[in-house]
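**Q** Pasting a structure here, questions to come.
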Amino acid sequence: MNHLSIVWWTLFAGALLSIGCQTKTQTPNVILIVTDDQGWVDLGSYGSSDLSTPHLDSLAAHGLRFTDFYTAAASCSPSRAAFMTGMYPQRVGIPGVLMPQSRRGLHPNERTMAEMLKELEYATACFGKWHLGHDSLHLPMSHGFDEYFGIPYSNDMTPDAVKNPNPPARRHPPVPLVEGFATIELEPDQSQLTRHYTERAVAFIESNRDTPFFIYLPHTFPHVPLFVSEAFAGQSNAGLYGDVIMEIDWSVGRIMETLDRLDLTENTLIIFSSDNGPWLVKGAHSGRTGPLREGKGTTFEGGHRVPLLMSWPGTIAPGVTDAMVSAMDIMPTVAEVTGAAPGPFSFDGKSLVNVIKGDTSPHNALFFYQGYQLHAVRSGRWKLHVPHHYRSIHGATLSTPTFQGAYRRDSIGLSLFDLESDIGETLNLADTHPAIVDRLLGYVATMRKDLGDALTGTDGTNRRPSRLLE
């Protein structure tokens, strides 16, 4: 650690001490765990009555639970780009889901969280689903990770129609299991993926106990098709989906146990979240949004609002916050608590250090895009949707078998919702609050100039391209 980092860390620790926290003598380890398609209420601490998540509930009880945390997209690749860069995915050229046929990925010039922490001599590893490009130019070890083990994109991107019967299987290649840059297996046994990722994470912690480390653990599940190891099959009260969540909770428990055993708990920041809301069309194999409207693939609350837990015993006081925050805030938060140097590009996200200490949201507004279409903006209690089309879900419920739902093309006009009194976005107040509508439309106009908006044909002035393989 350089001299400036040491000075900064002393000041930061002293600030946290003023709210009853302990000081630390070295930069913290960081573990970022991101599940795939897990809903806002899919944890006991968020209100689930049938999903068994004791380890995650313990993480929540001993850390900070966020009620108003938003992903930067309602689908996999762009959401993960925001976690890794601290920026809107449109800015870094990842507006939508990358497919096995895609030749694009996260641009080599983009600075990831791993690259940022490598500058501080952290050991870095990624175990799980990457989905930011599957060619060597784009894989994790080209973006600052010392180790990578996992699948490079979603587990349903396979030629096996049995695994993906609805819609019919596309012309995908077999799903690869990748170690570093090499494919070590095709169509791996997916029932073992959660266990394998966990074992790799535990081994990495053990081998790097004496140096700061960063582990990014982006789970394959509960994205469909769902798989679970024999030890958890049929063990929950919520079907296969519940079994999968139970195994993910076990994984978190194993990591927590390892940190305790190695006396690393009080020097490790654990962050747990999901990449977007649940894929409701999958019926009983999807997660739950509770009172939120819609789910994955939409810019309603159910598509973007997901759990966020941050645990750092002795530094982060236990509690709950309703501060409006974003996945883009994770990287600048990690930058501040580790003393990382500024990068070549400014973050769209904001550090949450002051939120951790009890302050309100650092954002005036958060924007919700679908691809390059700006659909909505939230500011404080208010959320404004501009007119757009979306795919709503019909015919899929938690009581129906999987793959029984259907999409329907719907649309929404200019709509203003008060999320404090109407979290389900049901009552349009645009006509009764014209001044608020005008204020939020001002935010929209500014963002359209910055990132663009395909709905209006506006080109953004600060958008960077994704990378085509040459």
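Starting from 1 in every chain, residues are counted up; chains themselves are A, B, ... following the order of the structure tokens, and ligands are numbered from 1 as listed.
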Would you write out, as a Markdown table, a table of all residues in segment 379-466 of chain A that have an atom no more than 12 Å from an atom of segment 346-358 of chain A, listing for each the closest atom pair and the distance in Å to one decimal, considering only C-alpha atoms and ordering rows by chain and rising residue number?
**A**
| residue | atom | partner | partner_atom | distance |
| --- | --- | --- | --- | --- |
| A:Met447 | CA | A:Asp348 | CA | 11.6 |
| A:Asp450 | CA | A:Asp348 | CA | 11.4 |
| A:Leu451 | CA | A:Asp348 | CA | 11.3 |
| A:Asn462 | CA | A:Ser346 | CA | 11.2 |
**Q** Give me a file of those residues, with N, CA, C and O atoms, as a CSV table (one decimal), in the first residue's frame.
**A**
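And here's again.csv as it stands now:
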chain,number,residue,atom,x,y,z
A,447,MET,N,-30.0,13.3,-19.6
A,447,MET,CA,-29.4,11.9,-19.8
A,447,MET,C,-29.5,11.5,-21.2
A,447,MET,O,-28.5,10.8,-21.7
A,450,ASP,N,-26.5,12.8,-22.8
A,450,ASP,CA,-25.3,12.1,-22.3
A,450,ASP,C,-25.1,10.7,-22.9
A,450,ASP,O,-24.1,10.4,-23.6
A,451,LEU,N,-26.1,9.8,-22.7
A,451,LEU,CA,-26.0,8.4,-23.1
A,451,LEU,C,-26.9,8.1,-24.4
A,451,LEU,O,-26.8,7.0,-24.9
A,462,ASN,N,-21.4,10.8,-24.7
A,462,ASN,CA,-20.4,10.2,-23.8
A,462,ASN,C,-20.5,8.7,-23.8
A,462,ASN,O,-20.4,8.1,-22.7
**Q** Closest to Val30 of chain A among A:Pro307, A:Pro212, A:Pro174, A:Gly287, using only C-alpha atoms?
**A**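 Result for the nearest residue to Val30 of chain A: A:Pro212.
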**Q** Please tabulate, as CSV, the residues of segment 295-318 of chain A that come within 10 Å of segment 369-393 of chain A, each with its closest pair of atoms and the distance in Å to one decimal, counting only C-alpha atoms and ordering rows by chain, then residue number upward.
**A**
residue,atom,partner,partner_atom,distance
A:Gly295,CA,A:Ile393,CA,8.4
A:Lys296,CA,A:Arg391,CA,9.7
A:Gly297,CA,A:Arg391,CA,7.4
A:Thr298,CA,A:Tyr390,CA,6.4
A:Thr299,CA,A:His375,CA,6.6
A:Phe300,CA,A:Ala376,CA,8.3
A:Glu301,CA,A:Lys383,CA,9.6
**Q** Which residue, A:Ser286, A:Ser79, A:Ser154, A:Gln190, has the smallest gap to Met328 of chain A when you use only C-alpha atoms?
**A**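 Under the stated criterion, the closest residue is A:Ser79.
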**Q** Would you work out the distance separating atom CA of Phe145 of chain A from atom CA of Gly303 of chain A, expressed in Å to one decimal?
**A**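 Computed distance, atom CA of Phe145 of chain A to atom CA of Gly303 of chain A, equals 29.2 Å.
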**Q** Please extract the residues of segment 223-313 of chain A with a backbone DSSP assignment of strand (DSSP E) and present them as a ChimeraX atom specification.
**A** /A:268-274,308-311
**Q** Please list as a PyMOL selection string every residue within 9 Å of segment 256-272 of chain A, counting only C-alpha atoms and excluding residues in the same chain fewer than 2 positions away.
**A** chain A and resi 24-35+55-56+59+202+205-206+209+251-254+274+307-316+330+334
**Q** Between atom CA of Phe368 of chain A and atom CA of Ala327 of chain A, what is the spacing in Å?
**A** 12.2 Å
**Q** Please provide as an MDAnalysis selection string all residues within 9 Å of Leu117 of chain A, with the sequence filter that same-chain residues fewer than 4 positions apart are discarded (counting only C-alpha atoms).
**A** chainID A and resid 112:113 121:124 144 213:214 334:335 338 340
**Q** Write to file, as a PDB file, in the first residue's frame, the residues of the selection just made, with N, CA, C and O atoms.
**A**
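Now in again_11.pdb:
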ATOM      1  N   THR A 112     -11.813  -2.489 -14.793  1.00  0.00           N
ATOM      2  CA  THR A 112     -12.714  -3.264 -13.954  1.00  0.00           C
ATOM      3  C   THR A 112     -12.324  -3.143 -12.477  1.00  0.00           C
ATOM      4  O   THR A 112     -11.245  -2.653 -12.132  1.00  0.00           O
ATOM      5  N   MET A 113     -13.193  -3.639 -11.617  1.00  0.00           N
ATOM      6  CA  MET A 113     -12.895  -3.649 -10.194  1.00  0.00           C
ATOM      7  C   MET A 113     -11.637  -4.465  -9.914  1.00  0.00           C
ATOM      8  O   MET A 113     -10.824  -4.100  -9.056  1.00  0.00           O
ATOM      9  N   GLU A 121      -2.119  -4.373  -5.397  1.00  0.00           N
ATOM     10  CA  GLU A 121      -1.487  -5.683  -5.171  1.00  0.00           C
ATOM     11  C   GLU A 121      -2.432  -6.683  -4.505  1.00  0.00           C
ATOM     12  O   GLU A 121      -2.003  -7.546  -3.739  1.00  0.00           O
ATOM     13  N   TYR A 122      -3.703  -6.572  -4.808  1.00  0.00           N
ATOM     14  CA  TYR A 122      -4.665  -7.585  -4.383  1.00  0.00           C
ATOM     15  C   TYR A 122      -4.505  -8.835  -5.248  1.00  0.00           C
ATOM     16  O   TYR A 122      -4.227  -8.753  -6.452  1.00  0.00           O
ATOM     17  N   ALA A 123      -4.717 -10.004  -4.640  1.00  0.00           N
ATOM     18  CA  ALA A 123      -4.934 -11.225  -5.411  1.00  0.00           C
ATOM     19  C   ALA A 123      -6.393 -11.229  -5.843  1.00  0.00           C
ATOM     20  O   ALA A 123      -7.288 -10.893  -5.060  1.00  0.00           O
ATOM     21  N   THR A 124      -6.664 -11.598  -7.097  1.00  0.00           N
ATOM     22  CA  THR A 124      -8.013 -11.462  -7.643  1.00  0.00           C
ATOM     23  C   THR A 124      -8.460 -12.755  -8.313  1.00  0.00           C
ATOM     24  O   THR A 124      -7.673 -13.430  -8.971  1.00  0.00           O
ATOM     25  N   GLY A 144      -8.021  -8.258 -15.410  1.00  0.00           N
ATOM     26  CA  GLY A 144      -7.469  -8.032 -14.096  1.00  0.00           C
ATOM     27  C   GLY A 144      -7.580  -9.173 -13.107  1.00  0.00           C
ATOM     28  O   GLY A 144      -7.133  -9.045 -11.967  1.00  0.00           O
ATOM     29  N   PHE A 213      -7.236  -9.777  -0.797  1.00  0.00           N
ATOM     30  CA  PHE A 213      -7.765 -10.489  -1.963  1.00  0.00           C
ATOM     31  C   PHE A 213      -9.143  -9.966  -2.330  1.00  0.00           C
ATOM     32  O   PHE A 213      -9.874  -9.401  -1.510  1.00  0.00           O
ATOM     33  N   PHE A 214      -9.478 -10.165  -3.593  1.00  0.00           N
ATOM     34  CA  PHE A 214     -10.796  -9.837  -4.145  1.00  0.00           C
ATOM     35  C   PHE A 214     -11.335 -11.066  -4.845  1.00  0.00           C
ATOM     36  O   PHE A 214     -10.685 -11.612  -5.747  1.00  0.00           O
ATOM     37  N   VAL A 334     -15.979   0.366  -3.119  1.00  0.00           N
ATOM     38  CA  VAL A 334     -14.777  -0.439  -2.917  1.00  0.00           C
ATOM     39  C   VAL A 334     -13.531   0.418  -3.124  1.00  0.00           C
ATOM     40  O   VAL A 334     -12.535   0.295  -2.390  1.00  0.00           O
ATOM     41  N   ALA A 335     -13.583   1.320  -4.103  1.00  0.00           N
ATOM     42  CA  ALA A 335     -12.441   2.207  -4.332  1.00  0.00           C
ATOM     43  C   ALA A 335     -12.158   3.052  -3.098  1.00  0.00           C
ATOM     44  O   ALA A 335     -10.997   3.217  -2.696  1.00  0.00           O
ATOM     45  N   THR A 338     -10.798   0.961   0.015  1.00  0.00           N
ATOM     46  CA  THR A 338      -9.460   0.400  -0.182  1.00  0.00           C
ATOM     47  C   THR A 338      -8.414   1.460  -0.471  1.00  0.00           C
ATOM     48  O   THR A 338      -7.216   1.161  -0.470  1.00  0.00           O
ATOM     49  N   ALA A 340      -8.173   3.019  -3.411  1.00  0.00           N
ATOM     50  CA  ALA A 340      -7.746   2.873  -4.806  1.00  0.00           C
ATOM     51  C   ALA A 340      -7.694   4.229  -5.497  1.00  0.00           C
ATOM     52  O   ALA A 340      -8.476   5.141  -5.210  1.00  0.00           O
TER      53      ALA A 340
END
**Q** Write out as a PyMOL selection string each polymer residue whose atoms come within 10 Å of Phe221 of chain A, counting only C-alpha atoms; drop sequence neighbours fewer than 3 positions from it.
**A** chain A and resi 34-38+128-129+154-155+190+193-194+218+224-228+241+244-245+247-248+274
**Q** So that I can check the surroundings of Leu177 of chain A, please list as a PDB file with C-alpha atoms, in the first residue's frame every protein, DNA and RNA residue that reaches within 8 Å of it, counting only C-alpha atoms and ignoring chain neighbours fewer than 4 positions away.
**A**
ATOM      1  CA  PHE A 149     -13.146 -20.814 -13.375  1.00  0.00           C
ATOM      2  CA  GLY A 150     -16.711 -20.929 -14.661  1.00  0.00           C
ATOM      3  CA  ILE A 151     -19.025 -20.676 -17.638  1.00  0.00           C
ATOM      4  CA  PRO A 152     -18.687 -17.597 -19.860  1.00  0.00           C
ATOM      5  CA  THR A 183     -12.168 -24.790 -22.195  1.00  0.00           C
ATOM      6  CA  ILE A 184     -11.720 -27.821 -19.950  1.00  0.00           C
ATOM      7  CA  GLU A 185     -15.157 -29.404 -20.461  1.00  0.00           C
ATOM      8  CA  LEU A 186     -18.245 -29.086 -22.659  1.00  0.00           C
ATOM      9  CA  GLU A 187     -21.740 -29.328 -21.187  1.00  0.00           C
ATOM     10  CA  PRO A 188     -20.475 -29.787 -17.619  1.00  0.00           C
TER      11      PRO A 188
END
**Q** Between A:Met324, A:Ser466, A:Leu51, A:Tyr407, which has the minimum distance to Glu420 of chain A (counting only C-alpha atoms)?
**A**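 Smallest distance to Glu420 of chain A is found for A:Met324.
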**Q** Between A:Pro362, A:Gly457, A:Pro342, A:Gly424, which one has atoms that come closest to Val325 of chain A, using only C-alpha atoms?
**A** A:Pro362
**Q** I want to know what sits within 12 Å of Leu139 of chain A, based on only C-alpha atoms, with residues of the same chain fewer than 3 positions away left out; could you give that as an NGL selection string?
**A** :A and (104-108 or 112 or 125-136 or 142-153 or 178-183)
**Q** For C-alpha atoms, I'd like the residues from the last selection saved as a PDB file, in the first residue's frame.
**A**
ATOM      1  CA  ARG A 104     -18.316  -8.304 -28.653  1.00  0.00           C
ATOM      2  CA  GLY A 105     -17.393  -7.932 -25.020  1.00  0.00           C
ATOM      3  CA  LEU A 106     -16.209  -5.486 -22.406  1.00  0.00           C
ATOM      4  CA  HIS A 107     -13.610  -3.251 -24.038  1.00  0.00           C
ATOM      5  CA  PRO A 108     -10.022  -3.867 -22.887  1.00  0.00           C
ATOM      6  CA  THR A 112     -12.714  -3.264 -13.954  1.00  0.00           C
ATOM      7  CA  ALA A 125     -10.265 -14.295  -8.772  1.00  0.00           C
ATOM      8  CA  CYS A 126     -13.563 -14.819 -10.564  1.00  0.00           C
ATOM      9  CA  PHE A 127     -15.506 -18.049 -10.063  1.00  0.00           C
ATOM     10  CA  GLY A 128     -18.803 -18.363 -11.911  1.00  0.00           C
ATOM     11  CA  LYS A 129     -20.761 -16.933 -14.814  1.00  0.00           C
ATOM     12  CA  TRP A 130     -18.892 -14.044 -16.461  1.00  0.00           C
ATOM     13  CA  HIS A 131     -21.090 -12.998 -19.418  1.00  0.00           C
ATOM     14  CA  LEU A 132     -19.019  -9.998 -20.532  1.00  0.00           C
ATOM     15  CA  GLY A 133     -17.493 -11.679 -23.556  1.00  0.00           C
ATOM     16  CA  HIS A 134     -16.278 -15.253 -24.053  1.00  0.00           C
ATOM     17  CA  ASP A 135     -13.267 -14.777 -26.335  1.00  0.00           C
ATOM     18  CA  SER A 136      -9.778 -14.457 -24.887  1.00  0.00           C
ATOM     19  CA  SER A 142      -7.899 -10.193 -19.632  1.00  0.00           C
ATOM     20  CA  HIS A 143      -9.645  -7.858 -17.196  1.00  0.00           C
ATOM     21  CA  GLY A 144      -7.469  -8.032 -14.096  1.00  0.00           C
ATOM     22  CA  PHE A 145      -8.274 -11.432 -12.594  1.00  0.00           C
ATOM     23  CA  ASP A 146      -5.478 -13.799 -11.623  1.00  0.00           C
ATOM     24  CA  GLU A 147      -7.775 -16.829 -11.760  1.00  0.00           C
ATOM     25  CA  TYR A 148     -10.994 -17.716 -13.555  1.00  0.00           C
ATOM     26  CA  PHE A 149     -13.146 -20.814 -13.375  1.00  0.00           C
ATOM     27  CA  GLY A 150     -16.711 -20.929 -14.661  1.00  0.00           C
ATOM     28  CA  ILE A 151     -19.025 -20.676 -17.638  1.00  0.00           C
ATOM     29  CA  PRO A 152     -18.687 -17.597 -19.860  1.00  0.00           C
ATOM     30  CA  TYR A 153     -22.413 -16.961 -20.430  1.00  0.00           C
ATOM     31  CA  VAL A 178     -13.489 -22.511 -18.713  1.00  0.00           C
ATOM     32  CA  GLU A 179     -10.337 -22.521 -16.593  1.00  0.00           C
ATOM     33  CA  GLY A 180      -8.280 -19.410 -17.253  1.00  0.00           C
ATOM     34  CA  PHE A 181      -8.525 -19.116 -21.033  1.00  0.00           C
ATOM     35  CA  ALA A 182      -8.973 -22.824 -21.800  1.00  0.00           C
ATOM     36  CA  THR A 183     -12.168 -24.790 -22.195  1.00  0.00           C
TER      37      THR A 183
END
**Q** Taking only C-alpha atoms into account, name the residue in A:His138, A:Arg195, A:Arg448, A:Arg463 that is nearest to Ile255 of chain A.
**A**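 Using only C-alpha atoms, Ile255 of chain A sits closest to A:Arg195.
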